[in-house]
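*Asks:* File data.cif below, mmCIF, C-alpha atoms and all ligand atoms:
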data_target
#
loop_
_atom_site.label_atom_id
_atom_site.label_comp_id
_atom_site.auth_asym_id
_atom_site.auth_seq_id
_atom_site.Cartn_x
_atom_site.Cartn_y
_atom_site.Cartn_z
CA MET A 1 45.21 103.21 75.67
CA SER A 2 46.96 106.49 76.19
CA HIS A 3 50.01 106.32 73.94
CA GLY A 4 50.62 108.64 70.99
CA THR A 5 49.68 108.32 67.36
CA THR A 6 48.06 105.27 65.83
CA ILE A 7 50.19 104.29 62.85
CA GLU A 8 48.53 101.18 61.48
CA THR A 9 45.19 99.54 61.91
CA ASP A 10 45.25 96.44 59.76
CA ALA A 11 46.46 93.80 62.21
CA ALA A 12 43.95 91.23 63.34
CA GLY A 13 43.63 90.66 67.09
CA GLY A 14 44.67 87.34 68.60
CA ALA A 15 42.97 84.84 70.91
CA ASP A 16 39.65 86.23 72.14
CA ALA A 17 40.16 89.47 70.27
CA GLN A 18 40.00 87.97 66.77
CA GLN A 19 36.86 89.94 65.90
CA PHE A 20 38.44 93.37 65.81
CA PRO A 21 41.67 94.73 64.36
CA LEU A 22 44.49 95.69 66.69
CA SER A 23 45.97 99.09 66.08
CA PHE A 24 49.55 99.83 67.04
CA ALA A 25 50.02 103.15 68.81
CA LEU A 26 53.40 104.81 68.37
CA THR A 27 55.28 106.74 71.02
CA PRO A 28 58.48 107.84 69.28
CA SER A 29 61.68 107.60 71.26
CA PRO A 30 62.95 110.97 72.50
CA ASN A 31 66.41 109.38 72.75
CA ALA A 32 66.73 107.80 69.30
CA ARG A 33 70.41 107.48 68.45
CA ALA A 34 71.89 110.01 66.04
CA GLU A 35 72.84 108.74 62.58
CA ALA A 36 76.57 108.81 63.33
CA GLU A 37 76.17 106.71 66.47
CA ARG A 38 73.91 104.25 64.70
CA ASP A 39 76.30 103.95 61.76
CA ALA A 40 79.20 103.23 64.13
CA ILE A 41 77.18 100.37 65.65
CA LEU A 42 76.10 99.04 62.27
CA ALA A 43 79.71 99.00 61.07
CA ASP A 44 80.55 96.31 63.65
CA PRO A 45 77.35 95.05 65.26
CA GLY A 46 78.54 91.73 66.73
CA PHE A 47 75.63 89.60 67.88
CA GLY A 48 72.93 90.58 70.37
CA LYS A 49 74.85 93.49 71.88
CA HIS A 50 73.05 96.55 70.54
CA PHE A 51 69.35 97.26 70.28
CA THR A 52 67.28 99.59 68.15
CA ASP A 53 65.39 102.63 69.43
CA HIS A 54 61.94 101.07 69.79
CA MET A 55 60.13 97.93 70.89
CA VAL A 56 56.68 96.45 70.32
CA THR A 57 54.38 95.25 73.09
CA ILE A 58 50.96 93.60 72.92
CA ASP A 59 49.24 92.66 76.16
CA TRP A 60 46.90 89.76 76.79
CA THR A 61 44.51 88.97 79.58
CA VAL A 62 41.96 86.22 79.91
CA GLU A 63 39.18 88.81 79.92
CA GLU A 64 40.34 91.01 77.02
CA GLY A 65 42.41 88.71 74.79
CA TRP A 66 45.18 90.53 72.89
CA HIS A 67 44.97 94.30 73.27
CA ASP A 68 46.93 97.51 73.74
CA ALA A 69 49.37 96.98 70.85
CA ARG A 70 52.01 99.64 70.94
CA VAL A 71 55.41 100.75 69.71
CA THR A 72 57.34 102.52 72.45
CA PRO A 73 60.90 103.66 73.11
CA TYR A 74 63.22 100.70 73.80
CA GLY A 75 63.93 100.53 77.49
CA PRO A 76 63.85 98.55 80.72
CA LEU A 77 60.61 96.86 81.70
CA GLN A 78 58.96 97.64 84.96
CA ILE A 79 57.94 94.25 86.20
CA ASP A 80 56.43 93.21 89.51
CA PRO A 81 58.81 90.95 91.49
CA ALA A 82 55.96 88.46 91.89
CA SER A 83 55.49 88.24 88.11
CA SER A 84 55.09 84.56 87.26
CA VAL A 85 57.75 84.51 84.53
CA LEU A 86 60.38 85.38 87.13
CA HIS A 87 59.52 82.31 89.19
CA TYR A 88 58.27 79.59 86.88
CA GLY A 89 59.89 80.53 83.57
CA GLN A 90 56.65 80.68 81.56
CA GLU A 91 58.35 82.26 78.54
CA ILE A 92 58.85 81.59 74.84
CA PHE A 93 60.74 83.37 72.09
CA GLU A 94 61.53 83.41 68.40
CA GLY A 95 64.39 84.61 66.22
CA LEU A 96 64.23 85.85 62.65
CA LYS A 97 66.16 88.34 60.58
CA ALA A 98 65.51 91.35 58.36
CA TYR A 99 67.85 91.54 55.36
CA ARG A 100 68.65 94.63 53.32
CA HIS A 101 68.83 93.96 49.60
CA THR A 102 71.13 95.92 47.32
CA ASP A 103 68.28 98.20 46.20
CA GLY A 104 67.78 99.21 49.84
CA SER A 105 64.54 97.24 50.33
CA ILE A 106 64.07 95.21 53.54
CA TRP A 107 62.92 91.59 53.58
CA THR A 108 62.45 88.77 56.00
CA PHE A 109 62.55 85.00 55.59
CA ARG A 110 59.57 82.67 56.17
CA PRO A 111 58.08 84.71 59.05
CA ASP A 112 54.94 82.56 58.93
CA LYS A 113 57.09 79.58 60.04
CA ASN A 114 58.34 81.49 63.08
CA ALA A 115 54.80 82.65 63.86
CA GLU A 116 53.47 79.09 63.64
CA ARG A 117 56.30 77.73 65.77
CA MET A 118 55.59 80.40 68.35
CA GLN A 119 51.98 79.22 68.42
CA ARG A 120 53.17 75.65 69.04
CA SER A 121 55.57 76.85 71.75
CA ALA A 122 52.72 78.85 73.30
CA ARG A 123 50.51 75.76 73.44
CA ARG A 124 53.24 73.76 75.17
CA LEU A 125 53.97 76.50 77.70
CA ALA A 126 50.26 77.19 78.35
CA LEU A 127 50.55 80.69 76.90
CA PRO A 128 47.98 82.32 74.58
CA GLU A 129 48.52 81.99 70.84
CA LEU A 130 49.14 85.12 68.82
CA SER A 131 47.77 84.93 65.27
CA VAL A 132 50.25 84.65 62.40
CA ASP A 133 48.96 88.00 61.06
CA ASP A 134 49.52 89.77 64.37
CA PHE A 135 53.00 88.28 64.70
CA ILE A 136 53.98 89.51 61.24
CA ALA A 137 52.27 92.89 61.83
CA ALA A 138 54.41 93.33 64.95
CA ILE A 139 57.58 92.59 62.95
CA ARG A 140 56.49 95.13 60.35
CA GLN A 141 56.03 97.74 63.09
CA ILE A 142 59.62 97.40 64.27
CA VAL A 143 60.94 97.74 60.74
CA ALA A 144 58.59 100.68 60.03
CA VAL A 145 59.99 102.64 62.94
CA ASP A 146 63.58 101.32 63.08
CA GLY A 147 64.24 100.39 59.43
CA ASP A 148 67.41 102.50 59.44
CA TRP A 149 68.86 99.93 61.83
CA VAL A 150 68.87 97.20 59.17
CA PRO A 151 72.56 97.09 58.19
CA SER A 152 73.69 96.75 54.61
CA GLY A 153 77.27 95.51 54.78
CA GLY A 154 78.37 91.94 54.06
CA GLU A 155 76.33 89.29 55.79
CA THR A 156 74.76 91.58 58.35
CA SER A 157 71.08 91.75 59.23
CA LEU A 158 68.66 92.98 61.85
CA TYR A 159 68.02 90.09 64.24
CA ILE A 160 64.42 90.30 65.42
CA ARG A 161 63.56 88.74 68.76
CA PRO A 162 59.83 88.29 69.49
CA PHE A 163 59.12 86.88 72.92
CA MET A 164 56.22 86.26 75.26
CA ILE A 165 56.22 86.36 79.04
CA ALA A 166 53.71 85.51 81.74
CA ASN A 167 53.41 88.62 83.88
CA GLU A 168 50.56 87.93 86.21
CA VAL A 169 51.38 88.92 89.77
CA PHE A 170 50.74 85.56 91.41
CA LEU A 171 52.88 82.87 92.99
CA GLY A 172 50.52 79.94 92.52
CA VAL A 173 51.77 77.45 89.94
CA ARG A 174 49.31 77.63 87.06
CA ALA A 175 49.11 79.23 83.62
CA ALA A 176 49.15 83.00 83.99
CA ASN A 177 46.07 85.12 83.25
CA ARG A 178 48.17 88.06 82.13
CA VAL A 179 50.80 87.88 79.39
CA SER A 180 52.83 90.25 77.22
CA PHE A 181 54.20 89.65 73.74
CA MET A 182 57.12 91.87 72.81
CA VAL A 183 59.49 92.40 69.92
CA ILE A 184 62.97 93.85 70.17
CA ALA A 185 65.57 94.05 67.41
CA SER A 186 69.34 93.95 67.32
CA PRO A 187 71.67 94.63 64.38
CA ALA A 188 73.72 91.49 63.87
CA GLY A 189 76.88 90.22 62.26
CA ALA A 190 78.13 86.66 62.64
CA TYR A 191 76.90 84.65 65.66
CA PHE A 192 80.28 83.00 66.19
CA ALA A 193 83.27 85.26 66.76
CA ASP A 194 85.20 83.71 63.84
CA GLY A 195 82.36 84.02 61.33
CA VAL A 196 82.13 81.08 58.93
CA ALA A 197 85.27 79.39 60.24
CA PRO A 198 84.63 75.79 61.35
CA VAL A 199 83.73 75.42 65.03
CA LYS A 200 84.61 72.73 67.53
CA ILE A 201 81.72 71.06 69.33
CA TRP A 202 81.68 69.60 72.84
CA LEU A 203 79.78 66.37 73.48
CA SER A 204 77.80 66.53 76.70
CA THR A 205 77.35 63.07 78.15
CA GLU A 206 76.33 64.13 81.64
CA TYR A 207 73.44 66.42 80.69
CA SER A 208 70.63 66.19 78.19
CA ARG A 209 68.66 69.03 76.71
CA ALA A 210 65.21 67.49 76.60
CA GLY A 211 63.26 64.42 77.53
CA ARG A 212 60.24 62.57 76.17
CA GLY A 213 57.13 64.66 76.70
CA GLY A 214 59.21 67.66 77.77
CA THR A 215 59.64 71.06 76.16
CA GLY A 216 62.45 70.22 73.71
CA ALA A 217 60.45 71.14 70.61
CA ALA A 218 59.31 74.44 72.12
CA LYS A 219 61.44 77.54 71.86
CA CYS A 220 61.33 78.41 75.54
CA GLY A 221 63.95 80.10 77.66
CA GLY A 222 64.16 77.13 80.02
CA ASN A 223 65.65 74.89 77.33
CA TYR A 224 68.44 77.39 76.80
CA ALA A 225 68.97 77.95 80.54
CA ALA A 226 69.47 74.20 80.92
CA SER A 227 72.12 74.26 78.19
CA LEU A 228 74.29 76.89 79.87
CA LEU A 229 76.20 74.68 82.30
CA PRO A 230 77.21 72.15 79.61
CA GLN A 231 77.89 75.14 77.33
CA MET A 232 80.38 76.39 79.93
CA GLU A 233 81.99 72.95 79.84
CA ALA A 234 82.23 73.37 76.07
CA TYR A 235 84.01 76.72 76.41
CA GLU A 236 86.40 75.26 79.00
CA ASN A 237 87.34 72.64 76.43
CA GLY A 238 87.87 75.13 73.61
CA CYS A 239 84.54 74.42 71.91
CA ALA A 240 81.98 76.90 70.63
CA GLN A 241 78.81 74.84 71.16
CA VAL A 242 77.61 71.84 73.09
CA LEU A 243 76.02 68.76 71.49
CA PHE A 244 73.26 66.91 73.33
CA LEU A 245 72.32 63.27 72.99
CA ASP A 246 68.77 62.02 73.43
CA GLY A 247 67.78 61.86 77.08
CA GLU A 248 66.37 58.36 76.93
CA THR A 249 69.15 56.21 75.50
CA GLY A 250 72.03 58.66 75.39
CA SER A 251 73.05 57.13 72.07
CA HIS A 252 71.71 59.34 69.34
CA ILE A 253 72.11 62.98 68.52
CA ASP A 254 69.50 65.53 69.48
CA GLU A 255 70.81 68.98 68.69
CA LEU A 256 73.30 71.61 69.75
CA GLY A 257 72.73 74.13 72.53
CA GLY A 258 71.17 76.63 70.13
CA MET A 259 71.01 75.09 66.67
CA ASN A 260 70.35 71.92 64.63
CA VAL A 261 73.04 69.64 63.22
CA MET A 262 73.43 68.05 59.76
CA PHE A 263 75.72 65.44 58.17
CA VAL A 264 76.80 65.24 54.55
CA HIS A 265 77.42 61.73 53.24
CA GLY A 266 79.39 61.52 49.99
CA ASP A 267 80.88 64.53 48.31
CA GLY A 268 77.66 66.01 46.99
CA SER A 269 78.81 65.85 43.37
CA GLY A 270 76.99 62.64 42.62
CA GLY A 271 74.00 63.79 44.63
CA GLY A 272 75.15 62.79 48.09
CA THR A 273 72.96 62.49 51.15
CA LEU A 274 72.09 65.03 53.80
CA VAL A 275 71.17 63.47 57.14
CA THR A 276 69.72 65.22 60.17
CA PRO A 277 68.09 63.95 63.36
CA ARG A 278 64.35 63.41 62.92
CA LEU A 279 61.88 65.57 64.78
CA THR A 280 61.01 63.49 67.80
CA GLY A 281 59.40 66.15 69.97
CA THR A 282 62.70 66.81 71.72
CA ILE A 283 64.28 68.73 68.82
CA LEU A 284 63.57 72.27 67.74
CA GLU A 285 61.91 72.41 64.33
CA GLY A 286 64.33 74.91 62.83
CA VAL A 287 63.22 77.16 59.98
CA THR A 288 66.78 77.12 58.67
CA ARG A 289 66.81 73.33 59.10
CA ASP A 290 63.67 72.96 56.98
CA SER A 291 64.95 75.38 54.31
CA ILE A 292 68.30 73.61 53.97
CA LEU A 293 66.59 70.24 53.57
CA GLN A 294 64.56 71.77 50.73
CA LEU A 295 67.64 73.29 49.05
CA ALA A 296 69.41 69.93 49.35
CA ARG A 297 66.48 68.14 47.69
CA ASP A 298 66.46 70.79 44.96
CA ARG A 299 70.10 70.03 44.16
CA GLY A 300 69.42 66.32 43.87
CA MET A 301 70.67 65.24 47.27
CA THR A 302 68.88 62.52 49.18
CA VAL A 303 67.53 63.86 52.44
CA GLU A 304 67.15 61.63 55.47
CA GLU A 305 65.56 62.66 58.75
CA ARG A 306 66.34 59.83 61.13
CA ASP A 307 68.21 58.85 64.24
CA VAL A 308 71.95 59.43 64.03
CA THR A 309 74.15 57.77 66.63
CA ILE A 310 77.53 58.88 67.85
CA ASP A 311 78.88 55.54 66.61
CA GLU A 312 77.61 56.31 63.11
CA TRP A 313 79.32 59.70 63.25
CA ARG A 314 82.63 58.13 64.39
CA ASP A 315 82.53 55.26 61.92
CA GLY A 316 81.28 57.45 59.06
CA VAL A 317 84.13 59.92 59.49
CA ALA A 318 86.65 57.07 59.81
CA SER A 319 85.43 55.37 56.62
CA GLY A 320 85.12 58.63 54.69
CA ASP A 321 81.37 58.21 54.23
CA ILE A 322 80.57 61.29 56.34
CA THR A 323 82.39 64.07 54.59
CA GLU A 324 81.02 67.19 56.27
CA VAL A 325 79.13 68.18 59.41
CA PHE A 326 77.51 71.54 60.04
CA ALA A 327 75.32 73.45 62.47
CA CYS A 328 72.36 75.49 61.30
CA GLY A 329 69.97 78.03 62.75
CA THR A 330 68.74 81.55 62.16
CA ALA A 331 71.51 83.11 64.19
CA ALA A 332 74.30 80.76 63.05
CA VAL A 333 72.99 80.40 59.43
CA ILE A 334 75.17 77.44 58.43
CA THR A 335 78.39 76.99 60.39
CA PRO A 336 80.83 74.16 59.59
CA ILE A 337 81.80 71.78 62.38
CA SER A 338 85.40 70.56 62.28
CA VAL A 339 85.52 68.25 65.25
CA LEU A 340 83.42 66.73 68.02
CA LYS A 341 85.28 66.53 71.32
CA GLY A 342 84.26 64.91 74.57
CA ASN A 343 85.58 62.86 77.44
CA ASN A 344 87.59 60.16 75.61
CA VAL A 345 86.01 61.16 72.28
CA GLN A 346 87.40 62.98 69.28
CA ILE A 347 85.68 62.70 65.92
CA GLY A 348 86.98 64.72 62.99
CA ASP A 349 89.96 66.96 62.52
CA PRO A 350 90.19 70.25 64.44
CA ASP A 351 92.01 71.80 61.48
CA ALA A 352 89.56 70.61 58.81
CA PRO A 353 88.46 73.41 56.48
CA ALA A 354 84.79 74.14 55.74
CA GLY A 355 83.28 71.54 53.42
CA GLU A 356 82.20 72.26 49.85
CA VAL A 357 78.58 71.18 50.26
CA THR A 358 78.31 73.15 53.51
CA LEU A 359 79.59 76.28 51.82
CA ALA A 360 77.46 75.77 48.70
CA LEU A 361 74.26 75.35 50.73
CA ARG A 362 75.23 78.34 52.83
CA LYS A 363 75.84 80.47 49.77
CA GLU A 364 72.57 79.46 48.15
CA LEU A 365 70.54 80.14 51.31
CA THR A 366 72.10 83.53 51.95
CA ASP A 367 71.89 84.47 48.25
CA ILE A 368 68.13 83.88 48.45
CA GLN A 369 67.84 85.78 51.74
CA TYR A 370 69.80 88.77 50.40
CA GLY A 371 67.96 88.81 47.07
CA ARG A 372 70.94 87.70 44.97
CA LEU A 373 69.10 84.60 43.73
CA PRO A 374 65.45 84.23 42.69
CA ASP A 375 63.12 83.40 45.56
CA ARG A 376 61.85 80.24 43.88
CA HIS A 377 60.04 78.90 46.95
CA GLY A 378 58.32 82.19 47.86
CA TRP A 379 60.20 82.38 51.18
CA LEU A 380 60.74 86.14 51.30
CA THR A 381 58.34 88.76 52.68
CA ARG A 382 59.00 92.42 52.03
CA LEU A 383 58.80 94.42 55.25
CA ASP A 384 59.24 98.01 54.14
CA ALA A 385 56.39 98.26 51.65
C1 LIG B 401 68.37 81.48 66.56
O1 LIG B 401 69.08 80.91 65.78
O2 LIG B 401 67.60 82.40 66.22
C2 LIG B 401 68.35 81.10 67.95
O3 LIG B 401 67.36 81.30 68.58
C3 LIG B 401 69.57 80.52 68.52
C4 LIG B 401 70.14 81.26 69.67
C5 LIG B 401 70.62 82.64 69.36
C6 LIG B 401 69.26 81.23 70.88
#
Is it possible to give me this structure as C-alpha cells?
Ligand code: COI

*Replies:*
Amino acid sequence: MSHGTTIETDAAGGADAQQFPLSFALTPSPNARAEAERDAILADPGFGKHFTDHMVTIDWTVEEGWHDARVTPYGPLQIDPASSVLHYGQEIFEGLKAYRHTDGSIWTFRPDKNAERMQRSARRLALPELSVDDFIAAIRQIVAVDGDWVPSGGETSLYIRPFMIANEVFLGVRAANRVSFMVIASPAGAYFADGVAPVKIWLSTEYSRAGRGGTGAAKCGGNYAASLLPQMEAYENGCAQVLFLDGETGSHIDELGGMNVMFVHGDGSGGGTLVTPRLTGTILEGVTRDSILQLARDRGMTVEERDVTIDEWRDGVASGDITEVFACGTAAVITPISVLKGNNVQIGDPDAPAGEVTLALRKELTDIQYGRLPDRHGWLTRLDA
C-alpha cells in the first residue's frame, strides 16, 4: 500500500480479514475546491449533481479478504473493459445522509441498517460482505476529510453513496474473485425538483420491477436499470415516479421506481392506520420505511404491512377511507402523492395538497434527523467526533 498518511486504524477488516484492523491511508486531493466554489455549490446543491473532493475505496480478493482501505482524491476510475461489473452487473449500493445540526455537529441516521442491508444485498449478488464496523468507518472517513461539504441550509444534507462492484477481469459468468467497495458523497437538496410538493405517479402495467426469487429486495443497480424504461413512460405522462405491481399477479402494489409507498386510512386524529406493502422479498426494506412505521406506532396509529391492491386504492380514495398516500426513501424523505395515473386509470386528485399526517410524519422524522427533536430511539450516530 503506497498511498500517503494513515489517518485512522480502528476499523475492523471484513470477510477473511476480520482478524486485523484495516487502516485507511489518506492521499489529500491536490484539486480540492476553494471555499467560495464549494459554498456556491452548497447554496443550491440539487440532487446527485456535485461530488466532494475525496472518495473511499476498500479492495477485496478471495486470497486477501478486505484490504488496501484508502481515501483518495475523487476522480474517474480506471477500470479494465473486461471487468465483470461492466458485463454482468454484479453491483450493489446504499444511500444514507449526513445532517448538520445547528451547533455545527454532523450526524447520520441508522447507518447500521444500511450496513446490514448492504450485507444482505451482497449475499444475493454473490459479493463479499463488508462488516458493519467497516461500513461505518468508511462513512466516517468521508466526513473526516470532506466534512465542510455537509451543507447547513434548510433541508439539505450530504448524500453518501457506498457501492460495491465486481472488478475481476474475466468474462466467465460466475461470482467475481476481485471486488471494490467505494464511498462517494454528494451535497443534496430535495430529490424532486418541486421539493415537498405532491407528485404524480405513473402506474406501470406492462413492466414489473421484481419477481419471486429475484433481486427485488436487494439494492442492486440492475433493479434500477430495469425501472428506467417505465420511468421514461412516467415522465412522458407528466409523472415523477413509476409504480410497480407485483410480477406474479399484477394486482397488488410493490413499490415505486426508487422508493416505498404508504397509505393513510382515516385522518390520523383518532389514531388512523398506516398501511404499506409487506416485505415479500420483492420489495426493498427501506430504512425510512421502517422508521416511519415506528413513528406512526409511537403516535398511536395502527400499522399494517400487508398486500395492497390497486382496487383497494381506488375504492379507498372513492369512499374517503384512504385519505393520504406518500412515497418514502432516504433520497425522497417523505413525498406526498396526489394522483396515480395509468392507461385508463386515475386515482386521486392531481391538485390535492399534501396531507396532514404525511406532513406531520415528515416533520417529526426530519426534526429527529436534524437534531430538533430528542433522538428517542437512538437512531443518530455522530460522525465528526
Ligand atoms: C435512496 O433513497 O437513497 C435511493 O437509493 C433512491 C434513489 C436515489 C436510487

*Asks:* Would you name the residues within 8 Å of ligand LIG 401 (chain B), counting all atoms listed in the file, and put them as number ranges by chain?

*Replies:* A: 93-96, 159, 161, 191, 219, 224, 258-259, 328-333

*Asks:* Could you please take those selected residues and save C-alpha atoms as a compact mmCIF listing (two decimals), in the frame of the given file?

*Replies:*
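Writing the result to out.txt gives the following:
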# COMPACT_ATOMS: atom_id res chain seq x y z
CA PHE A 93 60.74 83.37 72.09
CA GLU A 94 61.53 83.41 68.40
CA GLY A 95 64.39 84.61 66.22
CA LEU A 96 64.23 85.85 62.65
CA TYR A 159 68.02 90.09 64.24
CA ARG A 161 63.56 88.74 68.76
CA TYR A 191 76.90 84.65 65.66
CA LYS A 219 61.44 77.54 71.86
CA TYR A 224 68.44 77.39 76.80
CA GLY A 258 71.17 76.63 70.13
CA MET A 259 71.01 75.09 66.67
CA CYS A 328 72.36 75.49 61.30
CA GLY A 329 69.97 78.03 62.75
CA THR A 330 68.74 81.55 62.16
CA ALA A 331 71.51 83.11 64.19
CA ALA A 332 74.30 80.76 63.05
CA VAL A 333 72.99 80.40 59.43

*Asks:* Using only C-alpha atoms, what residues lie at most 10 Å away from (54.9, 81.5, 63.5) (file coordinates), given as a ChimeraX atom specification?

*Replies:* /A:94,110-121,129-136

*Asks:* Hey, which of A:Thr302, A:Ile322, A:Arg212, A:Val56 ends up closest to A:Leu279? Count all atoms listed in the file.

*Replies:*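 Answer, going by the shortest atom-to-atom distance: A:Arg212.
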
*Asks:* Have a look at A:Gly211, A:Gly153, A:Pro336, A:Gly300 and name the one nearest to A:Pro45; count only C-alpha atoms.

*Replies:*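 Nearest candidate to A:Pro45 out of A:Gly211, A:Gly153, A:Pro336, A:Gly300: A:Gly153.
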
*Asks:* Leaving out stretch 244-251 of chain A and any residue of its chain fewer than 2 positions from it, which residues lie within 7 Å of it when counting only C-alpha atoms, given as a list in words?

*Replies:* Leu203, Ser204, Ser208, Arg209, Ala210, Gly211, Val242, Ile253, Asp254, Glu255, Leu256, Thr309 and Ile310 of chain A

*Asks:* For a test of reading the model, state the distance in Å between atom CA of A:Leu228 and atom CA of A:His87, rounded to one decimal.

*Replies:*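 Interatomic distance here is 18.3 Å.
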
*Asks:* Scan for residues within 10 Å of the point (46.9, 86.6, 80.5) in the coordinates of the file, using only C-alpha atoms, and reply as a PyMOL selection string.

*Replies:* chain A and resi 59-66+127-128+165-168+175-180

*Asks:* Skipping near chain neighbours, those fewer than 6 positions away, what residues fall within 9 Å of A:Pro350 using all atoms listed in the file, listed as a compact mmCIF listing (two decimals) with C-alpha atoms, in the frame of the given file?

*Replies:*
# COMPACT_ATOMS: atom_id res chain seq x y z
CA PRO A 198 84.63 75.79 61.35
CA VAL A 199 83.73 75.42 65.03
CA LYS A 200 84.61 72.73 67.53
CA ILE A 337 81.80 71.78 62.38
CA SER A 338 85.40 70.56 62.28
CA VAL A 339 85.52 68.25 65.25
CA LEU A 340 83.42 66.73 68.02

*Asks:* Could you make a table, as a tab-separated table, of the residues of stretch 41-108 of chain A that have an atom within 7 Å of an atom of stretch 364-373 of chain A, each with its nearest atom pair and distance in Å to one decimal, counting only C-alpha atoms, in chain and number order?

*Replies:*
residue	atom	partner	partner_atom	distance
A:Tyr99	CA	A:Tyr370	CA	6.0
A:Arg100	CA	A:Tyr370	CA	6.6
A:His101	CA	A:Tyr370	CA	5.3
